[in-house]
Amino acid sequence: MTPVTLLSRGAVVLLCCWVLLPIYLLIVNTFSSQADVSGFPKNLIPPMDTENVEFFMGYFGVGKALLSSLKVAAITMILSIGAGAPAGYALSRFDFRGKNLFRVFVLMTRAFPLPLLALPLAVMYIRIGLDDSVLGLAIIHTVLALPFAVLITYSLFSGIPIELEEAAWTLGCNRFQAFVKVIFPLVLPGIAASAVFAFVISWNEVFAAAVLTIENRTLPAFLLQSLGTSPLHLKFAGGAVMVVPALVFIFLVRKYLFSMWGIANR
């Protein structure tokens, strides 16, 4: 085994430990008793005590916050893909004045800290009636996720030769039919990847949800409000409830994520 191979494998092992160890410790402490959470050393295999999770899920407001998070994340995915995919296609297929400037503006949407915009957004939302609403929060999350959707789909459309569309045109398809029948099946993995990013961004965002919502708070904002002074074992249970849905969603679309790299590298 060469030193380069050994170094590469060591880096992969360290990276896996960096990513998986916190999740493992979270799961172990979630399914441990209150005494075991504060104890040391930890059990390699959790005792699968579900008391903490059952108590947390039965806590008043958790179910409503979880449902709000799912609604906001779903709307965010639809809006970000619906706006980001056409923008990515236009950037990859058309040359127009200000194209590079438009790409810069897309990135600049992430240049302004959200806390700086919180007060103006709250005032504007109150005036137009979007305060404390699922749709209003989803619009903010869409703005956060849109740059990723645009840039991911742009790179994917750029990796697909335009000759495929031109061949479809010569066979009688118009531009829309060529896109639906030829291009869309090829970029579906990239669309799924963009949806994953949008879902995770919306699922984990807490500041806008805490400022702009009261009755319809998402799960991160609800946890920030309710678990600040809670016992340690309940904080671990809340963290697990936050992490598991995102992991399940990524697991369900994993084949599209793996396929995306083959398209992007063409």
# chains A, B, ... in the order shown; residues from 1 in each chain; ligands from 1
>>> select_by_dssp(residues="stretch 9-168 of chain A", states="alpha helix (DSSP H)", output="PDB file with C-alpha atoms, in the first residue's frame")
ATOM      1  CA  ARG A   9      -7.936   6.031   3.403  1.00  0.00           C
ATOM      2  CA  GLY A  10      -6.975   7.636   6.684  1.00  0.00           C
ATOM      3  CA  ALA A  11      -8.604  10.902   5.578  1.00  0.00           C
ATOM      4  CA  VAL A  12     -11.778   9.022   4.633  1.00  0.00           C
ATOM      5  CA  VAL A  13     -11.890   7.317   8.032  1.00  0.00           C
ATOM      6  CA  LEU A  14     -11.416  10.628   9.847  1.00  0.00           C
ATOM      7  CA  LEU A  15     -14.118  12.267   7.748  1.00  0.00           C
ATOM      8  CA  CYS A  16     -16.561   9.436   8.480  1.00  0.00           C
ATOM      9  CA  CYS A  17     -15.811   9.692  12.204  1.00  0.00           C
ATOM     10  CA  TRP A  18     -16.297  13.465  12.071  1.00  0.00           C
ATOM     11  CA  VAL A  19     -19.736  13.051  10.479  1.00  0.00           C
ATOM     12  CA  LEU A  20     -21.027   9.862  12.106  1.00  0.00           C
ATOM     13  CA  LEU A  21     -19.704  10.119  15.673  1.00  0.00           C
ATOM     14  CA  PRO A  22     -21.989  13.032  16.715  1.00  0.00           C
ATOM     15  CA  ILE A  23     -24.987  11.235  15.220  1.00  0.00           C
ATOM     16  CA  TYR A  24     -24.042   8.030  17.032  1.00  0.00           C
ATOM     17  CA  LEU A  25     -23.659   9.807  20.376  1.00  0.00           C
ATOM     18  CA  LEU A  26     -26.991  11.559  19.807  1.00  0.00           C
ATOM     19  CA  ILE A  27     -28.761   8.244  19.186  1.00  0.00           C
ATOM     20  CA  VAL A  28     -27.082   6.559  22.174  1.00  0.00           C
ATOM     21  CA  ASN A  29     -28.079   9.345  24.562  1.00  0.00           C
ATOM     22  CA  THR A  30     -31.578   9.578  23.119  1.00  0.00           C
ATOM     23  CA  GLN A  34     -31.844   9.775  32.394  1.00  0.00           C
ATOM     24  CA  ALA A  35     -29.116   8.348  34.650  1.00  0.00           C
ATOM     25  CA  ASP A  36     -27.214   6.832  31.707  1.00  0.00           C
ATOM     26  CA  VAL A  37     -27.221  10.131  29.807  1.00  0.00           C
ATOM     27  CA  SER A  38     -25.120  11.761  32.520  1.00  0.00           C
ATOM     28  CA  GLU A  51     -39.101   6.966  27.529  1.00  0.00           C
ATOM     29  CA  ASN A  52     -37.333  10.193  26.532  1.00  0.00           C
ATOM     30  CA  VAL A  53     -38.682  10.158  22.974  1.00  0.00           C
ATOM     31  CA  GLU A  54     -42.211   9.270  24.095  1.00  0.00           C
ATOM     32  CA  PHE A  55     -42.221  12.077  26.654  1.00  0.00           C
ATOM     33  CA  PHE A  56     -40.882  14.570  24.112  1.00  0.00           C
ATOM     34  CA  MET A  57     -43.343  13.582  21.377  1.00  0.00           C
ATOM     35  CA  VAL A  62     -44.354  19.242  19.367  1.00  0.00           C
ATOM     36  CA  GLY A  63     -46.734  17.568  16.909  1.00  0.00           C
ATOM     37  CA  LYS A  64     -47.962  20.889  15.551  1.00  0.00           C
ATOM     38  CA  ALA A  65     -44.405  22.218  15.193  1.00  0.00           C
ATOM     39  CA  LEU A  66     -43.311  19.031  13.423  1.00  0.00           C
ATOM     40  CA  LEU A  67     -46.197  19.314  10.976  1.00  0.00           C
ATOM     41  CA  SER A  68     -45.385  22.985  10.334  1.00  0.00           C
ATOM     42  CA  SER A  69     -41.762  22.063   9.592  1.00  0.00           C
ATOM     43  CA  LEU A  70     -42.858  19.440   7.072  1.00  0.00           C
ATOM     44  CA  LYS A  71     -45.259  21.860   5.369  1.00  0.00           C
ATOM     45  CA  VAL A  72     -42.673  24.649   5.149  1.00  0.00           C
ATOM     46  CA  ALA A  73     -39.980  22.281   3.852  1.00  0.00           C
ATOM     47  CA  ALA A  74     -42.311  20.828   1.201  1.00  0.00           C
ATOM     48  CA  ILE A  75     -43.379  24.260  -0.048  1.00  0.00           C
ATOM     49  CA  THR A  76     -39.746  25.400  -0.035  1.00  0.00           C
ATOM     50  CA  MET A  77     -38.738  22.447  -2.213  1.00  0.00           C
ATOM     51  CA  ILE A  78     -41.519  23.130  -4.712  1.00  0.00           C
ATOM     52  CA  LEU A  79     -40.819  26.862  -4.953  1.00  0.00           C
ATOM     53  CA  SER A  80     -37.027  26.544  -5.107  1.00  0.00           C
ATOM     54  CA  ILE A  81     -37.121  23.858  -7.814  1.00  0.00           C
ATOM     55  CA  GLY A  82     -39.900  25.626  -9.710  1.00  0.00           C
ATOM     56  CA  ALA A  83     -37.863  28.839  -9.864  1.00  0.00           C
ATOM     57  CA  GLY A  84     -34.320  27.466  -9.756  1.00  0.00           C
ATOM     58  CA  ALA A  85     -34.531  24.834 -12.508  1.00  0.00           C
ATOM     59  CA  PRO A  86     -35.784  27.223 -15.245  1.00  0.00           C
ATOM     60  CA  ALA A  87     -33.140  29.758 -14.202  1.00  0.00           C
ATOM     61  CA  GLY A  88     -30.425  27.092 -14.368  1.00  0.00           C
ATOM     62  CA  TYR A  89     -31.642  25.997 -17.800  1.00  0.00           C
ATOM     63  CA  ALA A  90     -31.662  29.576 -19.102  1.00  0.00           C
ATOM     64  CA  LEU A  91     -28.138  30.199 -17.810  1.00  0.00           C
ATOM     65  CA  SER A  92     -26.804  27.048 -19.467  1.00  0.00           C
ATOM     66  CA  ARG A  93     -28.578  27.325 -22.819  1.00  0.00           C
ATOM     67  CA  LYS A  99     -25.685  36.815 -17.755  1.00  0.00           C
ATOM     68  CA  ASN A 100     -22.613  36.891 -15.517  1.00  0.00           C
ATOM     69  CA  LEU A 101     -24.081  39.754 -13.498  1.00  0.00           C
ATOM     70  CA  PHE A 102     -27.238  37.725 -12.962  1.00  0.00           C
ATOM     71  CA  ARG A 103     -25.169  34.846 -11.570  1.00  0.00           C
ATOM     72  CA  VAL A 104     -23.496  37.263  -9.185  1.00  0.00           C
ATOM     73  CA  PHE A 105     -26.869  38.568  -8.036  1.00  0.00           C
ATOM     74  CA  VAL A 106     -28.005  35.011  -7.369  1.00  0.00           C
ATOM     75  CA  LEU A 107     -25.046  34.496  -5.067  1.00  0.00           C
ATOM     76  CA  MET A 108     -25.532  37.892  -3.431  1.00  0.00           C
ATOM     77  CA  LEU A 114     -30.627  37.116   7.951  1.00  0.00           C
ATOM     78  CA  PRO A 115     -30.602  38.857  11.375  1.00  0.00           C
ATOM     79  CA  LEU A 116     -29.899  42.136   9.573  1.00  0.00           C
ATOM     80  CA  LEU A 117     -33.064  41.703   7.502  1.00  0.00           C
ATOM     81  CA  ALA A 118     -35.243  40.338  10.293  1.00  0.00           C
ATOM     82  CA  LEU A 119     -36.856  43.600  11.393  1.00  0.00           C
ATOM     83  CA  PRO A 120     -37.688  44.908   7.878  1.00  0.00           C
ATOM     84  CA  LEU A 121     -39.048  41.473   6.929  1.00  0.00           C
ATOM     85  CA  ALA A 122     -41.199  41.316  10.055  1.00  0.00           C
ATOM     86  CA  VAL A 123     -42.647  44.794   9.385  1.00  0.00           C
ATOM     87  CA  MET A 124     -43.311  43.993   5.722  1.00  0.00           C
ATOM     88  CA  TYR A 125     -44.926  40.645   6.544  1.00  0.00           C
ATOM     89  CA  ILE A 126     -47.235  42.268   9.096  1.00  0.00           C
ATOM     90  CA  ARG A 127     -48.328  44.846   6.521  1.00  0.00           C
ATOM     91  CA  ILE A 128     -49.092  42.311   3.779  1.00  0.00           C
ATOM     92  CA  VAL A 134     -46.490  28.729   6.691  1.00  0.00           C
ATOM     93  CA  LEU A 135     -46.382  30.310   3.229  1.00  0.00           C
ATOM     94  CA  GLY A 136     -44.571  33.428   4.446  1.00  0.00           C
ATOM     95  CA  LEU A 137     -41.869  31.404   6.143  1.00  0.00           C
ATOM     96  CA  ALA A 138     -41.549  29.114   3.118  1.00  0.00           C
ATOM     97  CA  ILE A 139     -40.889  32.155   0.918  1.00  0.00           C
ATOM     98  CA  ILE A 140     -37.991  33.195   3.171  1.00  0.00           C
ATOM     99  CA  HIS A 141     -36.585  29.665   3.110  1.00  0.00           C
ATOM    100  CA  THR A 142     -36.948  29.612  -0.671  1.00  0.00           C
ATOM    101  CA  VAL A 143     -34.797  32.718  -0.918  1.00  0.00           C
ATOM    102  CA  LEU A 144     -32.159  30.932   1.163  1.00  0.00           C
ATOM    103  CA  ALA A 145     -32.300  27.751  -0.918  1.00  0.00           C
ATOM    104  CA  LEU A 146     -32.678  29.320  -4.371  1.00  0.00           C
ATOM    105  CA  PRO A 147     -28.961  29.997  -5.040  1.00  0.00           C
ATOM    106  CA  PHE A 148     -28.137  26.326  -4.473  1.00  0.00           C
ATOM    107  CA  ALA A 149     -30.991  25.229  -6.757  1.00  0.00           C
ATOM    108  CA  VAL A 150     -29.923  27.609  -9.536  1.00  0.00           C
ATOM    109  CA  LEU A 151     -26.221  26.715  -9.412  1.00  0.00           C
ATOM    110  CA  ILE A 152     -26.772  22.960  -9.121  1.00  0.00           C
ATOM    111  CA  THR A 153     -29.215  22.820 -12.025  1.00  0.00           C
ATOM    112  CA  TYR A 154     -27.013  25.173 -14.058  1.00  0.00           C
ATOM    113  CA  SER A 155     -24.042  22.830 -13.713  1.00  0.00           C
ATOM    114  CA  LEU A 156     -26.203  19.830 -14.612  1.00  0.00           C
ATOM    115  CA  PHE A 157     -27.758  21.404 -17.706  1.00  0.00           C
ATOM    116  CA  SER A 158     -24.302  22.553 -18.788  1.00  0.00           C
ATOM    117  CA  ILE A 162     -27.076  20.619 -26.525  1.00  0.00           C
ATOM    118  CA  GLU A 163     -26.799  18.261 -29.505  1.00  0.00           C
ATOM    119  CA  LEU A 164     -29.298  15.960 -27.749  1.00  0.00           C
ATOM    120  CA  GLU A 165     -31.915  18.700 -27.858  1.00  0.00           C
ATOM    121  CA  GLU A 166     -31.026  19.601 -31.445  1.00  0.00           C
ATOM    122  CA  ALA A 167     -31.492  15.964 -32.457  1.00  0.00           C
ATOM    123  CA  ALA A 168     -34.944  15.973 -30.847  1.00  0.00           C
TER     124      ALA A 168
END
>>> closest_residue(among="A:Thr109, A:Gly159, A:Ile250, A:Ala210", to="A:Ser226", atoms="only C-alpha atoms")
A:Ala210
>>> closest_residue(among="A:Ala192, A:Leu234, A:Ala198, A:Leu224", to="A:Phe251", atoms="only C-alpha atoms")
A:Ala192
>>> atom_distance(atom1="atom CA of A:Leu247", atom2="atom CA of A:Phe31")
17.4 Å
>>> atom_distance(atom1="atom CA of A:Gly238", atom2="atom CA of A:Tyr59")
10.7 Å
>>> decode(residues="stretch 102-129 of chain A", atoms="N, CA and C atoms", output="CSV table (one decimal), in the first residue's frame")
chain,number,residue,atom,x,y,z
A,102,PHE,N,-26.1,38.4,-13.6
A,102,PHE,CA,-27.2,37.7,-13.0
A,102,PHE,C,-26.8,36.6,-12.0
A,103,ARG,N,-25.7,35.9,-12.4
A,103,ARG,CA,-25.2,34.8,-11.6
A,103,ARG,C,-24.6,35.4,-10.3
A,104,VAL,N,-24.0,36.6,-10.4
A,104,VAL,CA,-23.5,37.3,-9.2
A,104,VAL,C,-24.6,37.7,-8.3
A,105,PHE,N,-25.7,38.2,-8.8
A,105,PHE,CA,-26.9,38.6,-8.0
A,105,PHE,C,-27.5,37.4,-7.3
A,106,VAL,N,-27.5,36.2,-8.0
A,106,VAL,CA,-28.0,35.0,-7.4
A,106,VAL,C,-27.2,34.7,-6.1
A,107,LEU,N,-25.9,34.8,-6.2
A,107,LEU,CA,-25.0,34.5,-5.1
A,107,LEU,C,-25.2,35.6,-4.0
A,108,MET,N,-25.4,36.8,-4.4
A,108,MET,CA,-25.5,37.9,-3.4
A,108,MET,C,-26.8,37.8,-2.5
A,109,THR,N,-27.7,36.9,-2.9
A,109,THR,CA,-28.8,36.7,-2.0
A,109,THR,C,-28.4,36.1,-0.7
A,110,ARG,N,-27.3,35.5,-0.7
A,110,ARG,CA,-26.7,34.9,0.6
A,110,ARG,C,-25.7,35.8,1.2
A,111,ALA,N,-25.5,37.0,0.7
A,111,ALA,CA,-24.4,37.9,1.2
A,111,ALA,C,-24.9,38.7,2.4
A,112,PHE,N,-26.2,38.8,2.6
A,112,PHE,CA,-26.8,39.6,3.6
A,112,PHE,C,-27.2,38.7,4.8
A,113,PRO,N,-26.7,39.0,6.0
A,113,PRO,CA,-27.1,38.1,7.1
A,113,PRO,C,-28.6,38.3,7.4
A,114,LEU,N,-29.2,37.1,7.7
A,114,LEU,CA,-30.6,37.1,8.0
A,114,LEU,C,-31.0,38.0,9.2
A,115,PRO,N,-30.2,38.0,10.3
A,115,PRO,CA,-30.6,38.9,11.4
A,115,PRO,C,-30.7,40.3,11.0
A,116,LEU,N,-29.9,40.7,10.0
A,116,LEU,CA,-29.9,42.1,9.6
A,116,LEU,C,-31.2,42.5,8.9
A,117,LEU,N,-31.8,41.5,8.2
A,117,LEU,CA,-33.1,41.7,7.5
A,117,LEU,C,-34.3,41.3,8.3
A,118,ALA,N,-34.1,40.9,9.5
A,118,ALA,CA,-35.2,40.3,10.3
A,118,ALA,C,-36.3,41.4,10.6
A,119,LEU,N,-35.9,42.6,11.1
A,119,LEU,CA,-36.9,43.6,11.4
A,119,LEU,C,-37.6,44.1,10.2
A,120,PRO,N,-36.9,44.5,9.1
A,120,PRO,CA,-37.7,44.9,7.9
A,120,PRO,C,-38.6,43.8,7.4
A,121,LEU,N,-38.2,42.6,7.4
A,121,LEU,CA,-39.0,41.5,6.9
A,121,LEU,C,-40.3,41.3,7.8
A,122,ALA,N,-40.1,41.4,9.1
A,122,ALA,CA,-41.2,41.3,10.1
A,122,ALA,C,-42.2,42.4,9.8
A,123,VAL,N,-41.7,43.7,9.6
A,123,VAL,CA,-42.6,44.8,9.4
A,123,VAL,C,-43.4,44.6,8.1
A,124,MET,N,-42.7,44.2,7.0
A,124,MET,CA,-43.3,44.0,5.7
A,124,MET,C,-44.3,42.9,5.8
A,125,TYR,N,-44.0,41.8,6.5
A,125,TYR,CA,-44.9,40.6,6.5
A,125,TYR,C,-46.2,41.0,7.3
A,126,ILE,N,-46.1,41.8,8.3
A,126,ILE,CA,-47.2,42.3,9.1
A,126,ILE,C,-48.1,43.1,8.2
A,127,ARG,N,-47.5,44.0,7.4
A,127,ARG,CA,-48.3,44.8,6.5
A,127,ARG,C,-49.1,44.1,5.4
A,128,ILE,N,-48.5,43.0,4.9
A,128,ILE,CA,-49.1,42.3,3.8
A,128,ILE,C,-49.8,41.1,4.3
A,129,GLY,N,-49.8,40.8,5.6
A,129,GLY,CA,-50.6,39.7,6.1
A,129,GLY,C,-49.9,38.3,6.0
